[in-house]
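The file data.cif comes next; it holds mmCIF, C-alpha atoms.
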```cif
data_work
#
loop_
_atom_site.label_atom_id
_atom_site.label_comp_id
_atom_site.auth_asym_id
_atom_site.auth_seq_id
_atom_site.Cartn_x
_atom_site.Cartn_y
_atom_site.Cartn_z
CA MET S 21 0.00 0.00 0.00
CA ILE S 22 1.44 3.35 -0.99
CA THR S 23 0.17 6.69 0.25
CA ASP S 24 -1.03 9.71 -1.71
CA ILE S 25 2.05 11.66 -0.69
CA GLN S 26 4.35 8.96 -2.03
CA VAL S 27 2.35 8.91 -5.28
CA GLU S 28 2.61 12.69 -5.59
CA ARG S 29 6.34 12.60 -4.95
CA SER S 30 6.91 9.82 -7.50
CA ILE S 31 4.85 11.62 -10.15
CA SER S 32 6.85 14.76 -9.50
CA ILE S 33 10.18 12.95 -9.96
CA LEU S 34 8.90 11.15 -13.07
CA LEU S 35 7.81 14.41 -14.73
CA ILE S 36 11.05 16.26 -13.95
CA SER S 37 13.25 13.38 -15.17
CA GLY S 38 11.25 13.04 -18.38
CA VAL S 39 11.46 16.73 -19.24
CA LEU S 40 15.17 16.97 -18.35
CA LEU S 41 16.07 13.89 -20.35
CA ALA S 42 14.09 15.14 -23.34
CA ALA S 43 15.70 18.59 -23.14
CA VAL S 44 19.22 17.10 -23.02
CA VAL S 45 18.56 14.89 -26.06
CA VAL S 46 16.99 17.79 -28.01
CA LEU S 47 19.98 20.00 -27.13
CA LEU S 48 22.46 17.31 -28.18
CA GLY S 49 20.63 16.73 -31.47
CA GLY S 50 20.35 20.50 -31.93
CA VAL S 51 24.11 21.08 -31.60
CA LEU S 52 24.82 18.33 -34.13
CA TYR S 53 22.09 19.66 -36.41
CA LEU S 54 23.52 23.20 -36.41
CA ALA S 55 27.05 21.86 -36.94
CA HIS S 56 25.87 19.94 -40.01
CA GLN S 57 23.15 22.13 -41.47
CA GLY S 58 23.58 25.52 -39.76
CA GLY S 59 24.81 27.16 -42.96
CA GLN S 60 21.80 26.13 -45.05
CA HIS S 61 18.61 28.15 -45.40
CA PRO S 62 15.45 27.37 -43.45
CA ASP S 63 12.33 26.61 -45.45
CA TYR S 64 9.22 26.61 -43.28
CA HIS S 65 7.23 29.08 -45.33
CA VAL S 66 5.07 26.54 -47.16
CA PHE S 67 3.73 23.47 -45.40
CA ARG S 68 4.89 20.24 -46.99
CA GLY S 69 5.08 18.15 -43.84
CA VAL S 70 8.37 16.79 -42.49
CA ALA S 71 10.13 13.92 -44.25
CA ALA S 72 8.32 10.58 -43.98
CA ASP S 73 11.15 8.98 -41.99
CA LEU S 74 10.65 11.53 -39.17
CA ARG S 75 6.95 10.81 -38.77
CA SER S 76 6.77 7.42 -37.10
CA PRO S 77 8.35 6.46 -33.76
CA THR S 78 10.02 3.31 -35.18
CA MET S 79 11.54 5.13 -38.16
CA VAL S 80 12.75 7.96 -35.93
CA VAL S 81 14.54 5.51 -33.63
CA ARG S 82 16.20 3.79 -36.59
CA LYS S 83 17.42 7.07 -38.13
CA ALA S 84 18.64 8.40 -34.79
CA PHE S 85 20.79 5.33 -34.24
CA ALA S 86 22.19 5.92 -37.73
CA GLY S 87 23.36 9.28 -36.32
CA ARG S 88 21.07 11.69 -38.16
CA PRO S 89 20.90 14.95 -36.10
CA ASP S 90 17.28 15.81 -36.95
CA ALA S 91 16.21 12.31 -35.93
CA ILE S 92 18.04 12.73 -32.59
CA ILE S 93 16.06 15.92 -31.96
CA GLN S 94 12.90 14.01 -32.87
CA ILE S 95 13.83 11.32 -30.31
CA GLY S 96 14.00 14.07 -27.67
CA LEU S 97 10.55 15.29 -28.71
CA LEU S 98 9.22 11.72 -28.53
CA LEU S 99 10.64 11.36 -25.00
CA LEU S 100 8.82 14.57 -24.11
CA ILE S 101 5.53 13.27 -25.53
CA LEU S 102 6.02 10.00 -23.65
CA THR S 103 6.52 11.79 -20.30
CA PRO S 104 2.80 12.46 -19.67
CA VAL S 105 2.02 9.00 -21.08
CA ALA S 106 4.36 7.49 -18.49
CA ARG S 107 2.68 9.55 -15.79
CA VAL S 108 -0.73 8.14 -16.79
CA LEU S 109 0.66 4.59 -16.88
CA PHE S 110 2.15 5.07 -13.41
CA SER S 111 -1.20 6.37 -12.12
CA ILE S 112 -2.87 3.08 -13.12
CA PHE S 113 -0.59 1.20 -10.74
CA ALA S 114 -1.02 3.82 -8.03
CA PHE S 115 -4.83 3.57 -8.19
CA LEU S 116 -4.57 -0.24 -8.31
CA SER S 117 -2.55 -0.30 -5.11
CA GLU S 118 -5.17 1.95 -3.49
CA ARG S 119 -7.86 -0.47 -4.74
CA ASP S 120 -9.64 2.43 -6.38
CA TYR S 121 -10.98 0.47 -9.36
CA MET S 122 -13.24 3.25 -10.63
CA TYR S 123 -10.13 5.40 -11.16
CA VAL S 124 -8.18 2.49 -12.62
CA VAL S 125 -10.85 2.28 -15.34
CA MET S 126 -10.80 6.03 -15.98
CA THR S 127 -7.01 6.06 -16.22
CA VAL S 128 -7.03 3.11 -18.63
CA ILE S 129 -9.44 5.07 -20.87
CA VAL S 130 -7.06 8.07 -20.90
CA LEU S 131 -4.09 5.80 -21.65
CA ALA S 132 -6.01 4.15 -24.50
CA VAL S 133 -6.71 7.56 -26.08
CA LEU S 134 -3.01 8.50 -25.79
CA LEU S 135 -1.79 5.23 -27.29
CA TYR S 136 -4.35 5.45 -30.09
CA SER S 137 -2.98 8.88 -31.03
CA LEU S 138 0.65 7.74 -30.90
CA LEU S 139 0.24 4.42 -32.71
CA GLU S 140 -2.76 4.85 -34.97
CA GLY S 141 -2.95 8.62 -35.43
CA MET U 20 19.04 33.96 -43.44
CA THR U 21 20.95 30.84 -42.42
CA ILE U 22 19.55 28.10 -40.21
CA SER U 23 21.96 29.11 -37.42
CA LEU U 24 20.75 32.72 -37.36
CA PHE U 25 17.12 31.64 -37.69
CA THR U 26 17.56 29.22 -34.77
CA ALA U 27 19.09 31.97 -32.60
CA ILE U 28 16.21 34.38 -33.35
CA VAL U 29 13.57 31.71 -32.68
CA PHE U 30 15.30 30.72 -29.44
CA ALA U 31 15.41 34.34 -28.21
CA GLY U 32 11.75 34.90 -29.11
CA SER U 33 10.68 31.65 -27.46
CA LEU U 34 12.64 32.55 -24.32
CA LEU U 35 10.68 35.79 -24.08
CA ALA U 36 7.38 34.03 -24.83
CA GLY U 37 8.02 31.42 -22.14
CA PHE U 38 9.00 34.12 -19.65
CA LEU U 39 5.88 36.22 -20.27
CA GLY U 40 3.70 33.14 -20.44
CA ALA U 41 4.82 32.04 -16.97
CA LEU U 42 4.46 35.54 -15.48
CA THR U 43 0.92 35.97 -16.73
CA GLY U 44 -0.17 32.37 -16.34
CA LEU U 45 -1.25 32.10 -19.98
CA GLY U 46 1.58 29.82 -21.12
CA GLY U 47 4.08 30.30 -23.94
CA GLY U 48 2.03 28.75 -26.75
CA VAL U 49 -0.28 31.70 -27.32
CA VAL U 50 2.71 33.97 -28.01
CA VAL U 51 4.99 31.55 -29.86
CA VAL U 52 2.57 30.74 -32.68
CA PRO U 53 1.90 34.39 -33.68
CA LEU U 54 5.62 35.14 -33.30
CA LEU U 55 6.58 32.38 -35.73
CA THR U 56 3.79 32.96 -38.23
CA LEU U 57 3.54 36.76 -38.28
CA LEU U 58 7.18 37.78 -37.78
CA LEU U 59 9.11 34.90 -39.30
CA GLY U 60 6.68 33.72 -41.96
CA VAL U 61 6.53 30.11 -40.71
CA ASP U 62 3.52 28.07 -41.86
CA ILE U 63 0.97 27.86 -39.04
CA ARG U 64 1.03 24.03 -38.90
CA TYR U 65 4.80 23.92 -38.25
CA ALA U 66 4.33 26.69 -35.66
CA MET U 67 1.56 24.71 -33.91
CA GLY U 68 3.71 21.57 -33.81
CA ALA U 69 6.62 23.41 -32.22
CA SER U 70 4.29 25.16 -29.78
CA LEU U 71 2.58 21.92 -28.75
CA VAL U 72 5.82 20.20 -27.70
CA SER U 73 6.94 23.29 -25.78
CA VAL U 74 3.59 23.23 -23.98
CA ILE U 75 4.23 19.64 -22.85
CA ALA U 76 7.66 20.63 -21.54
CA THR U 77 6.55 23.66 -19.52
CA SER U 78 3.40 22.11 -18.09
CA SER U 79 5.19 18.93 -17.02
CA GLY U 80 7.98 20.98 -15.42
CA ALA U 81 5.54 23.19 -13.53
CA ALA U 82 3.20 20.33 -12.63
CA ALA U 83 6.08 18.50 -10.96
CA ALA U 84 6.42 21.37 -8.48
CA TYR U 85 2.69 21.82 -7.81
CA VAL U 86 1.95 18.12 -7.31
CA ARG U 87 4.58 18.01 -4.59
CA GLU U 88 3.05 21.03 -2.83
CA GLY U 89 -0.29 19.21 -2.64
CA PHE U 90 -2.44 21.70 -4.56
CA SER U 91 -3.16 19.65 -7.70
CA ASN U 92 -6.01 17.18 -7.42
CA ILE U 93 -4.85 14.05 -9.22
CA ARG U 94 -8.33 12.43 -9.29
CA ILE U 95 -10.16 15.47 -10.61
CA GLY U 96 -7.37 15.89 -13.16
CA MET U 97 -7.59 12.28 -14.32
CA PHE U 98 -11.40 12.32 -14.59
CA LEU U 99 -11.35 15.51 -16.67
CA GLU U 100 -8.48 14.25 -18.82
CA ILE U 101 -10.95 11.79 -20.37
CA ALA U 102 -12.72 14.84 -21.79
CA THR U 103 -9.62 16.84 -22.74
CA THR U 104 -7.81 13.97 -24.49
CA LEU U 105 -10.89 13.02 -26.53
CA GLY U 106 -11.32 16.69 -27.40
CA ALA U 107 -7.64 16.91 -28.33
CA LEU U 108 -8.03 14.02 -30.81
CA VAL U 109 -10.98 15.79 -32.45
CA GLY U 110 -9.06 19.09 -32.52
CA ALA U 111 -5.92 17.53 -34.03
CA TYR U 112 -7.94 15.79 -36.76
CA LEU U 113 -9.66 19.10 -37.50
CA ALA U 114 -6.23 20.78 -37.74
CA THR U 115 -5.18 18.29 -40.41
CA ARG U 116 -8.33 19.03 -42.46
CA LEU U 117 -8.88 22.78 -42.11
CA HIS U 118 -7.19 25.46 -44.20
CA GLY U 119 -4.35 27.40 -42.53
CA SER U 120 -6.27 30.68 -42.67
CA THR U 121 -9.32 29.14 -40.96
CA ILE U 122 -7.08 27.97 -38.13
CA GLY U 123 -5.55 31.46 -38.04
CA ILE U 124 -8.95 33.11 -37.54
CA VAL U 125 -9.89 30.72 -34.71
CA PHE U 126 -6.45 31.36 -33.19
CA GLY U 127 -7.00 35.11 -33.30
CA CYS U 128 -10.36 34.75 -31.52
CA VAL U 129 -8.83 32.57 -28.81
CA LEU U 130 -6.06 35.19 -28.38
CA LEU U 131 -8.71 37.88 -27.82
CA PHE U 132 -10.37 35.67 -25.21
CA SER U 133 -6.99 35.11 -23.52
CA ALA U 134 -6.33 38.86 -23.44
CA TYR U 135 -9.71 39.41 -21.81
CA PHE U 136 -8.99 36.66 -19.29
CA SER U 137 -5.56 38.08 -18.51
CA TRP U 138 -6.88 41.65 -18.22
CA HIS U 139 -9.68 40.81 -15.84
CA GLY U 140 -7.68 38.47 -13.72
CA HIS U 141 -9.64 36.32 -11.37
CA LYS U 142 -13.02 36.87 -9.73
CA GLN U 143 -13.85 34.61 -6.82
CA THR U 144 -17.05 32.62 -7.26
CA GLY U 145 -19.61 32.40 -4.46
CA GLY U 146 -18.85 30.67 -1.19
CA GLU U 147 -19.39 27.08 -0.11
CA SER U 148 -20.32 24.53 -2.75
CA THR U 149 -23.69 22.86 -2.45
CA PRO U 150 -23.68 19.07 -1.98
CA ASP U 151 -23.35 17.35 -5.34
CA ARG U 152 -24.09 13.62 -5.52
CA LEU U 153 -22.37 13.03 -8.85
CA ALA U 154 -19.21 14.76 -7.63
CA HIS U 155 -19.30 12.70 -4.44
CA MET U 156 -19.79 9.46 -6.38
CA LEU U 157 -16.82 10.29 -8.62
CA LYS U 158 -14.73 11.42 -5.62
CA LEU U 159 -14.22 14.87 -7.11
CA GLU U 160 -13.28 16.38 -3.79
CA GLY U 161 -10.24 17.02 -1.67
CA SER U 162 -8.42 19.44 0.55
CA TYR U 163 -5.53 21.82 0.08
CA PRO U 164 -3.07 23.57 2.38
CA ALA U 165 -4.37 27.03 3.39
CA ALA U 166 -3.79 29.48 6.23
CA GLY U 167 -5.03 27.72 9.35
CA GLY U 168 -4.76 24.13 8.12
CA GLN U 169 -6.24 22.01 5.31
CA ARG U 170 -9.33 23.39 3.60
CA GLU U 171 -11.94 21.00 2.13
CA TYR U 172 -13.70 21.43 -1.22
CA ARG U 173 -15.97 19.49 -3.55
CA ALA U 174 -16.78 19.97 -7.25
CA ARG U 175 -20.25 20.87 -8.52
CA ARG U 176 -21.87 21.12 -11.99
CA VAL U 177 -19.77 18.17 -13.14
CA PRO U 178 -21.39 17.69 -16.60
CA LEU U 179 -20.86 21.37 -17.48
CA GLY U 180 -17.23 21.23 -16.39
CA PHE U 181 -16.69 18.00 -18.31
CA GLY U 182 -18.21 19.52 -21.45
CA MET U 183 -16.07 22.65 -21.19
CA MET U 184 -13.00 20.45 -20.78
CA PHE U 185 -13.86 18.68 -24.02
CA GLY U 186 -13.96 22.12 -25.66
CA ALA U 187 -10.63 23.07 -24.08
CA GLY U 188 -9.08 19.86 -25.41
CA THR U 189 -10.44 20.51 -28.90
CA LEU U 190 -8.90 24.00 -28.95
CA SER U 191 -5.62 22.61 -27.67
CA GLY U 192 -5.45 20.07 -30.50
CA LEU U 193 -6.72 22.49 -33.14
CA LEU U 194 -4.28 25.29 -32.29
CA GLY U 195 -1.27 23.58 -30.68
CA ILE U 196 -1.69 25.48 -27.40
CA GLY U 197 -2.24 24.37 -23.80
CA SER U 198 -5.58 26.20 -23.50
CA GLY U 199 -4.91 26.60 -19.79
CA ALA U 200 -7.22 29.62 -19.50
CA MET U 201 -10.25 27.60 -20.58
CA LYS U 202 -9.32 24.68 -18.32
CA VAL U 203 -9.10 27.03 -15.35
CA LEU U 204 -12.45 28.55 -16.32
CA ALA U 205 -14.08 25.11 -16.38
CA MET U 206 -12.80 24.16 -12.93
CA ASP U 207 -12.90 27.48 -11.14
CA GLN U 208 -16.05 29.11 -12.59
CA ALA U 209 -18.12 26.08 -13.69
CA MET U 210 -17.17 23.47 -11.09
CA GLY U 211 -16.59 25.90 -8.24
CA LEU U 212 -13.16 24.57 -7.30
CA PRO U 213 -10.70 26.81 -5.41
CA PHE U 214 -8.63 28.98 -7.76
CA LYS U 215 -5.27 27.61 -6.65
CA VAL U 216 -6.51 24.03 -7.10
CA SER U 217 -7.89 24.94 -10.56
CA THR U 218 -4.71 26.54 -11.88
CA THR U 219 -2.37 23.82 -10.62
CA THR U 220 -4.64 20.96 -11.72
CA SER U 221 -5.00 22.65 -15.11
CA ASN U 222 -1.23 22.71 -15.42
CA PHE U 223 -1.13 19.05 -14.49
CA MET U 224 -3.62 18.24 -17.26
CA ILE U 225 -2.09 20.32 -20.06
CA GLY U 226 0.74 17.84 -20.74
CA VAL U 227 -1.54 14.83 -21.09
CA THR U 228 -3.98 16.79 -23.25
CA ALA U 229 -1.17 17.96 -25.54
CA ALA U 230 0.30 14.45 -25.74
CA ALA U 231 -3.06 13.24 -27.13
CA SER U 232 -2.73 15.53 -30.16
CA ALA U 233 1.05 15.15 -30.45
CA GLY U 234 0.81 11.65 -31.93
CA ILE U 235 -1.43 12.92 -34.72
CA TYR U 236 0.81 15.96 -35.25
CA LEU U 237 3.80 13.63 -35.55
CA SER U 238 2.27 11.31 -38.15
CA ARG U 239 0.97 14.24 -40.22
CA GLY U 240 4.38 15.92 -40.36
CA PHE U 241 3.63 18.95 -38.11
CA LEU U 242 6.65 18.25 -35.87
CA GLU U 243 9.61 19.84 -37.65
CA PRO U 244 12.71 19.06 -35.51
CA GLY U 245 14.78 22.03 -36.74
CA LEU U 246 12.04 24.43 -35.66
CA ALA U 247 10.77 22.62 -32.56
CA MET U 248 14.29 22.44 -31.09
CA PRO U 249 14.84 26.19 -30.40
CA VAL U 250 11.15 26.70 -29.54
CA MET U 251 11.02 23.92 -26.96
CA LEU U 252 14.35 24.82 -25.33
CA GLY U 253 13.58 28.55 -25.39
CA VAL U 254 10.07 28.33 -23.96
CA LEU U 255 11.18 25.87 -21.29
CA ALA U 256 14.11 28.06 -20.17
CA GLY U 257 11.95 31.19 -20.29
CA SER U 258 9.17 29.68 -18.21
CA LEU U 259 11.64 28.46 -15.57
CA LEU U 260 13.01 32.03 -15.33
CA GLY U 261 9.48 33.43 -15.24
CA ALA U 262 8.44 31.10 -12.43
CA ARG U 263 11.38 32.37 -10.33
CA VAL U 264 10.56 36.03 -10.91
CA LEU U 265 6.83 35.44 -10.39
CA VAL U 266 7.22 35.05 -6.66
CA LYS U 267 8.74 38.52 -6.30
CA ALA U 268 7.14 40.54 -9.09
CA GLN U 269 3.86 42.38 -8.74
CA SER U 270 2.33 41.19 -11.96
CA ARG U 271 -0.63 43.60 -12.42
CA SER U 272 1.24 45.97 -14.75
CA ILE U 273 2.82 43.10 -16.68
CA ARG U 274 -0.65 41.63 -17.20
CA ILE U 275 -1.91 44.87 -18.73
CA VAL U 276 1.03 45.23 -21.11
CA PHE U 277 0.79 41.57 -22.05
CA SER U 278 -2.95 41.85 -22.70
CA LEU U 279 -2.37 44.76 -25.09
CA VAL U 280 0.35 42.84 -26.94
CA ILE U 281 -1.98 39.85 -27.30
CA VAL U 282 -4.82 42.01 -28.63
CA ALA U 283 -2.45 43.44 -31.26
CA LEU U 284 -1.27 39.95 -32.24
CA ALA U 285 -4.88 38.71 -32.40
CA ILE U 286 -5.96 41.51 -34.75
CA GLU U 287 -2.89 41.00 -36.94
CA MET U 288 -3.53 37.25 -37.03
CA ILE U 289 -7.21 37.59 -38.00
CA PHE U 290 -6.39 40.31 -40.57
CA ASN U 291 -3.65 38.23 -42.23
CA SER U 292 -5.84 35.12 -42.25
CA VAL U 293 -8.72 36.94 -43.92
CA LYS U 294 -6.29 38.34 -46.49
CA GLY U 295 -5.08 34.79 -47.09
CA ARG U 296 -1.48 35.59 -46.15
CA LEU U 297 -1.15 33.07 -43.35
#
```
Is it possible to give me this structure as structure tokens?
Amino acid sequence: MITDIQVERSISILLISGVLLAAVVVLLGGVLYLAHQGGQHPDYHVFRGVAADLRSPTMVVRKAFAGRPDAIIQIGLLLLILTPVARVLFSIFAFLSERDYMYVVMTVIVLAVLLYSLLEG
Amino acid sequence: MTISLFTAIVFAGSLLAGFLGALTGLGGGVVVVPLLTLLLGVDIRYAMGASLVSVIATSSGAAAAYVREGFSNIRIGMFLEIATTLGALVGAYLATRLHGSTIGIVFGCVLLFSAYFSWHGHKQTGGESTPDRLAHMLKLEGSYPAAGGQREYRARRVPLGFGMMFGAGTLSGLLGIGSGAMKVLAMDQAMGLPFKVSTTTSNFMIGVTAAASAGIYLSRGFLEPGLAMPVMLGVLAGSLLGARVLVKAQSRSIRIVFSLVIVALAIEMIFNSVKGRL
């Protein structure tokens, strides 16, 4: 049995670590990106959508491991998006340990919406 | 302009947006999108993508602090997140279908609403909440630290609050903003929750709401890493600075200046959208 205060403290640590980790990865990717492409010209005036290999989590991971700077930034952004998802996942276990099944169900619904967006969106 | 110079300008602008957003409580997103689209000529969908990830960063950072202080209500937040995440899905799908100038007009209107909200500040709603069976059944109650010990509260008008949260989620997904002002309105004005509980729980919810649209933004190519990088880092750094100053600064005058800036941006945004230049 864990208490509300322990839950609050764990959520707090989880959120801070997620954001910090994401920021570090984005910064790292950003430095590499500027070193490689800093001299080129930005082109965001007309919407074409980013390259197809930066649009799905699996492709992003593959390209980042191949050392592509923009994919490393994208990994950081994915970590950021996953931070609230991890918080929701953690809450399921917290409500389970409190035997609050009504809130377990609600949290599962929220998680399902999040996963739908990430995997099927 | 080279990418390096562009990145430096975007970072500086985002730093300022995050700083002002934290001071006024409106968040960085409402300033970053007009900044990118109006001043730097960035397409509104790329601007929304960059704004949305910065919103996740700032709200998660701030929520971490509030949760620990015991103001945020995790149950109320989770219950209402059902509404905001579903709304966010609808909003994000709309964003992929609608024309950029239509989104720009809606954005301008939301900016005007935010300016009004920021200008007026907060009015306390009437006293003790009446007993509400639905709120009790859903455990939408709690207590928070106040002068003279813990103070108890319970939500009321749950369906209205839930409906408004769906609307807040839709706007968040449609515009790439946190829509914190509307979330606070739903909890504080509609559900009669204490202001401090409303603002901190709203902050807690913003990240999850934004994450629900982020997946759709990612697969539709709204998340441009080269642009999102300086925006996310700038807004995050700016909001951390703003949160430190907030404790000391008397923010009434800042609010007024900020409101005027937002009104100007809103008019510019609507004008450019109508002219088809956005």
Residues matched by the PyMOL selection byres ((chain S) within 6 of (chain U)), written as a PyMOL selection string: chain S and resi 28-29+32+35-36+39+58-62+64-67+69-70+75+90+93-94+101+104+130+134+137-138+141
Kindly resolve the PyMOL selection byres ((chain U and resi 48-52) around 9) on the present coordinates and return the residues as a short mmCIF file (atom, residue, chain, number, x, y, z; two decimals) with C-alpha atoms, in the coordinates of the input.
```
data_model
loop_
_atom_site.label_atom_id
_atom_site.label_comp_id
_atom_site.auth_asym_id
_atom_site.auth_seq_id
_atom_site.Cartn_x
_atom_site.Cartn_y
_atom_site.Cartn_z
CA GLY U 32 11.75 34.90 -29.11
CA SER U 33 10.68 31.65 -27.46
CA ALA U 36 7.38 34.03 -24.83
CA GLY U 37 8.02 31.42 -22.14
CA LEU U 39 5.88 36.22 -20.27
CA GLY U 40 3.70 33.14 -20.44
CA LEU U 45 -1.25 32.10 -19.98
CA GLY U 46 1.58 29.82 -21.12
CA GLY U 47 4.08 30.30 -23.94
CA PRO U 53 1.90 34.39 -33.68
CA LEU U 54 5.62 35.14 -33.30
CA LEU U 55 6.58 32.38 -35.73
CA THR U 56 3.79 32.96 -38.23
CA LEU U 57 3.54 36.76 -38.28
CA VAL U 61 6.53 30.11 -40.71
CA ILE U 63 0.97 27.86 -39.04
CA ALA U 66 4.33 26.69 -35.66
CA MET U 67 1.56 24.71 -33.91
CA ALA U 69 6.62 23.41 -32.22
CA SER U 70 4.29 25.16 -29.78
CA LEU U 71 2.58 21.92 -28.75
CA SER U 73 6.94 23.29 -25.78
CA VAL U 74 3.59 23.23 -23.98
CA PHE U 126 -6.45 31.36 -33.19
CA VAL U 129 -8.83 32.57 -28.81
CA LEU U 130 -6.06 35.19 -28.38
CA SER U 133 -6.99 35.11 -23.52
CA LEU U 194 -4.28 25.29 -32.29
CA GLY U 195 -1.27 23.58 -30.68
CA ILE U 196 -1.69 25.48 -27.40
CA GLY U 197 -2.24 24.37 -23.80
CA SER U 198 -5.58 26.20 -23.50
CA VAL U 250 11.15 26.70 -29.54
CA VAL U 254 10.07 28.33 -23.96
CA ILE U 281 -1.98 39.85 -27.30
CA LEU U 284 -1.27 39.95 -32.24
#
```
All residues 12 Å or closer to Leu48 (chain S), only C-alpha atoms, same chain fewer than 4 positions away omitted, as an MDAnalysis selection string: (chainID S and resid 41:44 52:55 84 87:96) or (chainID U and resid 248:249 252)
For CA of Gly188 (chain U) and CA of Lys202 (chain U), the interatomic separation in Å (one decimal):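 Value for the CA of Gly188 (chain U)-CA of Lys202 (chain U) distance: 8.6 Å.
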Hits from the PyMOL selection byres ((chain S and resi 123) around 10), listed as a PyMOL selection string: (chain S and resi 111-112+114-116+118-122+124-129) or (chain U and resi 94+97-98+157-158)
From U:Gly167, U:Ala187, U:Ala41, U:Phe30, residue lying nearest Leu47 (chain S) [all atoms listed in the file]: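 Looking only at the distances to Leu47 (chain S), the closest residue turns out to be U:Phe30.
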Residues near Ala283 (chain U), cut-off 10 Å, only C-alpha atoms, skip fewer than 6 positions along chain, as a PyMOL selection string: chain U and resi 127+130-131+134+277
Point-to-point distance from CA of Phe136 (chain U) to CA of Asp207 (chain U), Å rounded to tenths: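 CA of Asp207 (chain U) lies 12.9 Å from CA of Phe136 (chain U).
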Interatomic distance (Å, one decimal) between CA of Ser258 (chain U) and CA of Phe38 (chain U):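 These two atoms are separated by 4.7 Å.
Taking all atoms listed in the file into account, Val133 (chain S) lies nearest to U:Gly106 out of the set U:Gly106, U:Phe214, U:Thr219, U:Val282.
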Within 7 Å of file point (-5.0, 34.7, -35.6), counting all atoms listed in the file, expressed as a ChimeraX atom specification: /U:123-128,285-289,292
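Residues lying within 12 Å of Gln169 (chain U), counting all atoms listed in the file and ignoring same-chain neighbours fewer than 5 positions away, are Gly89, Phe90, Gly161, Ser162, Tyr163 and Pro164 of chain U.
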Proximity to Ser37 (chain S) - best of S:Asp63, S:Asp24, S:Thr103, S:Gly49, only C-alpha atoms: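 Among S:Asp63, S:Asp24, S:Thr103, S:Gly49, it is S:Thr103 that comes nearest to Ser37 (chain S).
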